[in-house]
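Next comes work_3.txt, a file with compact mmCIF, C-alpha atoms.
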```
# COMPACT_ATOMS: atom_id res chain seq x y z
CA MET H 1 -4.33 -41.08 13.84
CA PRO H 2 -6.99 -41.64 11.13
CA ALA H 3 -5.84 -40.66 7.62
CA SER H 4 -8.69 -38.16 7.24
CA GLU H 5 -7.67 -36.37 10.46
CA SER H 6 -4.03 -36.28 9.36
CA THR H 7 -5.03 -34.79 6.00
CA GLN H 8 -7.17 -32.18 7.73
CA GLN H 9 -4.27 -31.12 9.95
CA ALA H 10 -1.97 -30.90 6.94
CA LYS H 11 -4.18 -28.39 5.14
CA ASP H 12 -2.70 -24.96 4.51
CA GLN H 13 -4.19 -22.37 6.87
CA SER H 14 -1.77 -19.53 6.09
CA LEU H 15 -4.61 -17.19 5.03
CA ALA H 16 -7.22 -18.40 7.51
CA GLY H 17 -9.38 -15.56 8.80
CA LYS H 18 -8.90 -13.46 5.66
CA THR H 19 -11.75 -12.54 3.33
CA ILE H 20 -10.74 -11.91 -0.28
CA LEU H 21 -12.78 -10.53 -3.19
CA VAL H 22 -11.39 -11.58 -6.59
CA THR H 23 -12.84 -9.95 -9.71
CA GLY H 24 -12.74 -11.82 -13.00
CA GLY H 25 -12.75 -14.83 -10.73
CA ALA H 26 -14.50 -17.36 -12.96
CA SER H 27 -11.62 -18.21 -15.30
CA GLY H 28 -7.91 -17.86 -15.99
CA LEU H 29 -5.82 -16.17 -13.33
CA GLY H 30 -8.94 -15.28 -11.34
CA ALA H 31 -9.96 -18.92 -11.03
CA ALA H 32 -6.40 -19.93 -10.09
CA LEU H 33 -6.38 -17.25 -7.39
CA CYS H 34 -9.74 -18.35 -6.01
CA ARG H 35 -8.56 -21.96 -5.84
CA LEU H 36 -5.19 -21.24 -4.25
CA LEU H 37 -6.46 -18.69 -1.73
CA ALA H 38 -9.37 -20.88 -0.65
CA ASP H 39 -7.00 -23.83 -0.33
CA SER H 40 -4.92 -21.58 1.96
CA GLY H 41 -7.80 -21.08 4.37
CA ALA H 42 -9.18 -17.77 3.11
CA ASP H 43 -12.85 -17.03 2.56
CA VAL H 44 -13.11 -16.07 -1.11
CA MET H 45 -15.78 -14.22 -3.05
CA ALA H 46 -15.45 -14.95 -6.77
CA GLY H 47 -16.81 -11.98 -8.68
CA ASP H 48 -17.36 -12.10 -12.43
CA LEU H 49 -19.41 -10.49 -15.17
CA HIS H 50 -20.79 -13.98 -15.78
CA GLY H 51 -22.42 -14.80 -12.48
CA ASP H 52 -23.37 -18.34 -13.54
CA LYS H 53 -19.73 -19.18 -14.23
CA ALA H 54 -18.66 -17.68 -10.91
CA GLU H 55 -21.28 -19.77 -9.13
CA ALA H 56 -20.16 -22.93 -10.94
CA LEU H 57 -16.55 -22.25 -9.93
CA ALA H 58 -17.56 -21.65 -6.32
CA GLN H 59 -19.45 -24.93 -6.20
CA SER H 60 -16.55 -26.85 -7.73
CA LEU H 61 -14.06 -25.39 -5.26
CA GLN H 62 -16.09 -25.61 -2.09
CA GLU H 63 -15.56 -29.30 -1.49
CA GLY H 64 -12.07 -29.84 -0.18
CA SER H 65 -11.17 -26.16 0.28
CA SER H 66 -10.12 -24.89 3.69
CA GLY H 67 -11.98 -21.61 3.25
CA ARG H 68 -15.53 -20.74 2.31
CA ILE H 69 -16.37 -19.77 -1.28
CA GLY H 70 -19.02 -17.32 -2.46
CA ALA H 71 -19.94 -16.02 -5.89
CA ILE H 72 -21.37 -12.79 -7.23
CA GLY H 73 -22.12 -11.63 -10.76
CA PHE H 74 -21.57 -7.96 -11.55
CA ASP H 75 -19.99 -5.46 -13.95
CA VAL H 76 -16.93 -3.93 -12.28
CA GLY H 77 -17.33 -0.72 -14.29
CA ASP H 78 -20.84 -0.06 -12.97
CA PRO H 79 -20.47 2.19 -9.88
CA ALA H 80 -23.60 0.92 -8.15
CA ALA H 81 -22.75 -2.71 -8.88
CA ALA H 82 -19.18 -2.28 -7.66
CA GLU H 83 -20.35 -0.72 -4.40
CA GLN H 84 -22.91 -3.49 -3.94
CA ALA H 85 -20.30 -6.19 -4.60
CA VAL H 86 -18.14 -4.86 -1.77
CA ALA H 87 -21.15 -4.57 0.52
CA SER H 88 -22.34 -8.09 -0.38
CA THR H 89 -18.92 -9.58 0.33
CA ILE H 90 -18.83 -7.93 3.75
CA ALA H 91 -22.40 -9.01 4.48
CA HIS H 92 -21.62 -12.59 3.44
CA PHE H 93 -18.35 -13.05 5.31
CA GLY H 94 -18.42 -10.26 7.91
CA HIS H 95 -15.43 -8.28 6.66
CA LEU H 96 -13.15 -7.67 3.66
CA ASP H 97 -9.38 -7.89 4.03
CA VAL H 98 -8.14 -8.18 0.46
CA LEU H 99 -9.40 -6.92 -2.90
CA ILE H 100 -7.80 -8.36 -6.04
CA ASN H 101 -8.69 -6.31 -9.13
CA ASN H 102 -8.18 -8.99 -11.76
CA ALA H 103 -11.06 -8.49 -14.22
CA GLY H 104 -9.86 -7.40 -17.64
CA THR H 105 -10.83 -7.26 -21.30
CA ASP H 106 -9.35 -6.20 -24.64
CA MET H 107 -10.24 -5.37 -28.22
CA THR H 108 -7.40 -6.37 -30.55
CA LEU H 109 -8.01 -3.87 -33.33
CA PRO H 110 -6.13 -1.00 -35.02
CA MET H 111 -7.25 2.44 -33.94
CA ALA H 112 -9.02 2.99 -37.26
CA GLU H 113 -11.34 0.07 -36.52
CA LEU H 114 -11.73 0.63 -32.78
CA THR H 115 -15.12 2.23 -32.12
CA PRO H 116 -15.67 4.70 -29.29
CA ALA H 117 -17.85 2.06 -27.63
CA ASP H 118 -15.01 -0.48 -27.87
CA TRP H 119 -12.58 2.00 -26.31
CA LEU H 120 -14.92 2.89 -23.47
CA ARG H 121 -15.70 -0.75 -22.68
CA VAL H 122 -12.01 -1.62 -22.25
CA ILE H 123 -11.27 1.49 -20.18
CA ASN H 124 -14.36 0.95 -18.06
CA THR H 125 -13.47 -2.63 -17.18
CA ASN H 126 -9.70 -2.35 -16.86
CA LEU H 127 -9.32 1.08 -15.24
CA ASN H 128 -12.61 2.46 -13.97
CA GLY H 129 -13.53 -0.85 -12.35
CA PRO H 130 -10.40 -1.11 -10.18
CA PHE H 131 -10.82 2.52 -9.10
CA LEU H 132 -14.45 2.00 -8.10
CA LEU H 133 -13.85 -1.23 -6.21
CA ALA H 134 -10.78 0.15 -4.44
CA LYS H 135 -12.70 3.30 -3.50
CA PHE H 136 -15.48 1.34 -1.82
CA ALA H 137 -13.27 -1.40 -0.37
CA SER H 138 -10.75 1.05 1.09
CA GLU H 139 -13.44 2.88 3.06
CA HIS H 140 -14.23 -0.37 4.84
CA MET H 141 -10.53 -1.18 5.27
CA LYS H 142 -9.84 2.20 6.84
CA LYS H 143 -12.44 1.53 9.52
CA ALA H 144 -11.09 -1.99 10.02
CA GLY H 145 -7.52 -0.75 10.54
CA GLY H 146 -5.98 -1.96 7.29
CA GLY H 147 -6.20 -4.24 4.29
CA HIS H 148 -4.59 -5.07 0.98
CA ILE H 149 -5.50 -4.15 -2.60
CA ILE H 150 -3.80 -5.93 -5.48
CA ASN H 151 -4.19 -4.57 -9.00
CA ILE H 152 -3.42 -7.04 -11.80
CA THR H 153 -1.78 -5.08 -14.56
CA SER H 154 0.40 -6.35 -17.40
CA THR H 155 3.63 -6.01 -19.31
CA ALA H 156 1.34 -3.92 -21.52
CA ALA H 157 1.80 -1.24 -18.84
CA LYS H 158 5.52 -1.10 -19.59
CA ARG H 159 5.82 -1.33 -23.38
CA ALA H 160 3.50 -1.27 -26.38
CA TRP H 161 2.68 -3.27 -29.48
CA PRO H 162 0.26 -2.58 -32.36
CA ASN H 163 -3.52 -2.99 -32.30
CA ALA H 164 -3.91 -2.73 -28.53
CA SER H 165 -4.24 0.99 -27.85
CA ALA H 166 -7.16 0.71 -25.43
CA TYR H 167 -5.55 -2.16 -23.54
CA HIS H 168 -2.24 -0.33 -23.21
CA ALA H 169 -3.94 2.88 -22.10
CA SER H 170 -5.95 1.03 -19.47
CA LYS H 171 -3.01 -0.97 -18.10
CA TRP H 172 -0.60 1.97 -18.04
CA GLY H 173 -3.35 3.88 -16.27
CA LEU H 174 -3.92 1.07 -13.79
CA LEU H 175 -0.23 0.91 -12.94
CA GLY H 176 -0.20 4.65 -12.24
CA LEU H 177 -3.44 4.42 -10.30
CA SER H 178 -2.03 1.59 -8.21
CA HIS H 179 1.03 3.62 -7.20
CA ALA H 180 -1.20 6.60 -6.42
CA MET H 181 -3.34 4.36 -4.21
CA HIS H 182 -0.20 3.09 -2.50
CA ALA H 183 0.84 6.64 -1.63
CA GLU H 184 -2.62 7.67 -0.46
CA LEU H 185 -3.70 4.59 1.47
CA ARG H 186 -0.44 3.54 3.11
CA PRO H 187 -0.99 5.83 6.15
CA TYR H 188 -4.18 3.85 6.84
CA ARG H 189 -2.23 0.56 6.85
CA ILE H 190 -3.77 -0.41 3.54
CA LYS H 191 -1.20 -2.07 1.32
CA VAL H 192 -1.49 -1.62 -2.44
CA THR H 193 0.41 -3.81 -4.88
CA ALA H 194 0.57 -3.61 -8.67
CA ALA H 195 1.24 -7.02 -10.22
CA VAL H 196 2.85 -6.62 -13.65
CA VAL H 197 2.08 -9.99 -15.21
CA GLY H 198 3.49 -11.51 -18.38
CA GLY H 199 1.71 -13.86 -20.76
CA MET H 200 -0.25 -16.73 -19.21
CA ARG H 201 -1.86 -19.90 -20.54
CA THR H 202 -5.40 -18.58 -20.08
CA PRO H 203 -8.43 -18.15 -22.38
CA PHE H 204 -7.66 -14.42 -22.49
CA LEU H 205 -4.70 -15.16 -24.79
CA LEU H 206 -5.32 -18.68 -26.08
CA ASP H 207 -8.85 -18.02 -27.35
CA ARG H 208 -7.88 -14.85 -29.20
CA PHE H 209 -4.51 -16.00 -30.53
CA PRO H 210 -4.83 -19.70 -31.43
CA ASP H 211 -1.42 -19.71 -33.13
CA ILE H 212 0.43 -18.49 -30.03
CA ASP H 213 3.16 -20.78 -28.71
CA ALA H 214 1.69 -21.85 -25.37
CA GLY H 215 5.13 -23.07 -24.34
CA THR H 216 6.31 -19.47 -23.99
CA LEU H 217 3.49 -18.65 -21.56
CA GLN H 218 3.29 -19.24 -17.81
CA ASP H 219 0.83 -21.26 -15.80
CA PRO H 220 -1.58 -18.83 -14.09
CA MET H 221 -1.16 -20.80 -10.87
CA GLU H 222 2.47 -19.66 -10.77
CA VAL H 223 1.28 -16.05 -10.82
CA ALA H 224 -1.29 -16.86 -8.14
CA ARG H 225 1.49 -18.27 -5.94
CA ALA H 226 3.51 -15.08 -6.36
CA ILE H 227 0.51 -12.99 -5.32
CA LYS H 228 -0.11 -15.23 -2.32
CA ALA H 229 3.53 -14.72 -1.26
CA VAL H 230 2.98 -10.95 -1.31
CA LEU H 231 -0.17 -11.34 0.79
CA LEU H 232 1.75 -13.30 3.41
CA LEU H 233 4.28 -10.55 4.16
CA PRO H 234 3.35 -9.45 7.69
CA GLU H 235 4.57 -5.85 7.70
CA SER H 236 6.33 -4.89 4.47
CA VAL H 237 4.41 -3.74 1.42
CA VAL H 238 5.43 -4.63 -2.15
CA ALA H 239 4.30 -1.68 -4.24
CA GLU H 240 5.04 -3.44 -7.54
CA ILE H 241 5.89 -7.01 -8.51
CA THR H 242 6.70 -8.35 -11.98
CA VAL H 243 5.92 -12.00 -12.74
CA LEU H 244 7.11 -13.30 -16.11
CA PRO H 245 7.34 -16.64 -17.86
CA MET H 246 10.91 -17.78 -18.47
CA GLN H 247 10.46 -17.31 -22.22
CA GLU H 248 8.53 -14.03 -22.09
CA THR H 249 8.38 -12.48 -25.56
CA SER H 250 6.84 -9.13 -24.61
CA TRP H 251 9.46 -8.14 -22.08
CA PRO H 252 13.24 -7.74 -22.35
```
How would this structure read if it were set down as structure tokens?
Amino acid sequence: MPASESTQQAKDQSLAGKTILVTGGASGLGAALCRLLADSGADVMAGDLHGDKAEALAQSLQEGSSGRIGAIGFDVGDPAAAEQAVASTIAHFGHLDVLINNAGTDMTLPMAELTPADWLRVINTNLNGPFLLAKFASEHMKKAGGGHIINITSTAAKRAWPNASAYHASKWGLLGLSHAMHAELRPYRIKVTAAVVGGMRTPFLLDRFPDIDAGTLQDPMEVARAIKAVLLLPESVVAEITVLPMQETSWP
């Protein structure tokens, strides 16, 4: 058997036939998810506020991936844009099986310095965005007979530290929203999972905290693998999963 044919047969097809929309897909955990899921045979739409970066990622991943890769630039907190992103994913691939609400932002400031605009921007991206996308995606999933929504939250949804009030509010809210979605959508065979994720070696932390000990953080690909494992469960639903680095400092 030719080596190329053997390699082709060896490719992971565990998610073949699935279409997955990943928000915040151009970097960090989002990029790791897009890579892993596409390498597992899924068709992946990488959504990001920076459409050019999403397109560059899609182009870099397309060669060698088992699944097809698309890209779309949009603001998750814009209702019209969120609805269009879901519609565009379905138009591009024919259906939508999985939504991963990964896009997130933060303003690391004390409350006294946090402007109302700062507060609203964080809440709009981290909480309103997941609601909007899940609202539009779940309507399609109901008609299709099921689906899966994964909300990427944080250890910031479980405990608090200074100068992150908007981030904590948004992530605690997202965790509660995720469990509410689980209760509401489960009768329609739509699984909803909240992923409580500890610190990762991504630009989200490393760019803002250059003095952080990267050795205490986890590789985002490890988190992506945990999320893939949840997606592969055929019948059971995991309502909440916690994924921490071995030396997590923000979790007991």
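Here atom CA of Gly30 of chain H stands at a distance of 20.7 Å from atom CA of Gly215 of chain H.
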Exercise for review: Tell me, as a list in words, which residues lie within 7 Å of Gly147 of chain H, counting all atoms listed in the file; anything in the same chain fewer than 6 positions away does not count.
Suggested key: Asp97, Val98, Met141, Arg189, Ile190 and Lys191 of chain H
Review point. Hey, can you check how far atom CA of Asn101 of chain H sits from atom CA of Asn151 of chain H?
Key: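 Atom CA of Asn151 of chain H lies at a distance of 4.8 Å from atom CA of Asn101 of chain H.
Each of H:Ala226, H:Trp119, H:Ser27, H:Arg159 was compared to Arg201 of chain H using all atoms listed in the file, and H:Ser27 turns out to be the nearest.
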Practice item. Using all atoms listed in the file, find the one residue out of H:Lys135, H:Ile150, H:Leu120, H:Thr115 that sits nearest to Thr23 of chain H. Key: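 Nearest to Thr23 of chain H: H:Ile150.
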Point to revise | For Glu83 of chain H, the nearest of the candidates H:Glu63, H:Arg121, H:Phe136, H:Asn126, counting only C-alpha atoms | key: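 Looking at the shortest contact to Glu83 of chain H, the residue is H:Phe136.
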Check your understanding: Given the choices H:Leu232, H:Cys34, H:Asn163, H:Thr242, which gets closest to Gln13 of chain H if the distance is worked out from only C-alpha atoms?
Key -> H:Leu232
Exercise for review: Mind giving me the straight-line distance from atom CA of Gly145 of chain H to atom CA of Val223 of chain H in Å, one decimal?
Suggested key: 27.7 Å
Check your understanding: Smallest atom-to-atom distance to Leu36 of chain H: which of H:Pro203, H:Gly64, H:Gly24, H:Gly176, using only C-alpha atoms?
Key ->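 The closest residue to Leu36 of chain H is H:Gly64.
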Practice item. May I have the residues within 8 Å of Leu133 of chain H as a list in words, using only C-alpha atoms and disregarding those fewer than 3 positions away in the same chain? Key: Val76, Ala82, Glu83, Val86, Leu99, Asn101, Gly129, Pro130, Phe136 and Ala137 of chain H
Study note, to complete from the structure: With distances taken over only C-alpha atoms, the candidate from H:Ala157, H:Ile149, H:Val238, H:Leu33 nearest Met181 of chain H is H:Ile149
Test item: residues at most 7 Å from Lys142 of chain H, only C-alpha atoms, excluding those fewer than 4 positions along its chain, as a PDB file with C-alpha atoms, keeping the file's coordinate frame:
```
ATOM      1  CA  SER H 138     -10.750   1.050   1.090  1.00  0.00           C
ATOM      2  CA  GLY H 146      -5.980  -1.960   7.290  1.00  0.00           C
ATOM      3  CA  TYR H 188      -4.180   3.850   6.840  1.00  0.00           C
TER       4      TYR H 188
END
```
Practice item. Just the residues within 10 Å of Thr216 of chain H, please, counting all atoms listed in the file, with nothing from its chain fewer than 5 positions along; format it as a PyMOL selection string. Key: chain H and resi 199-201+245-249
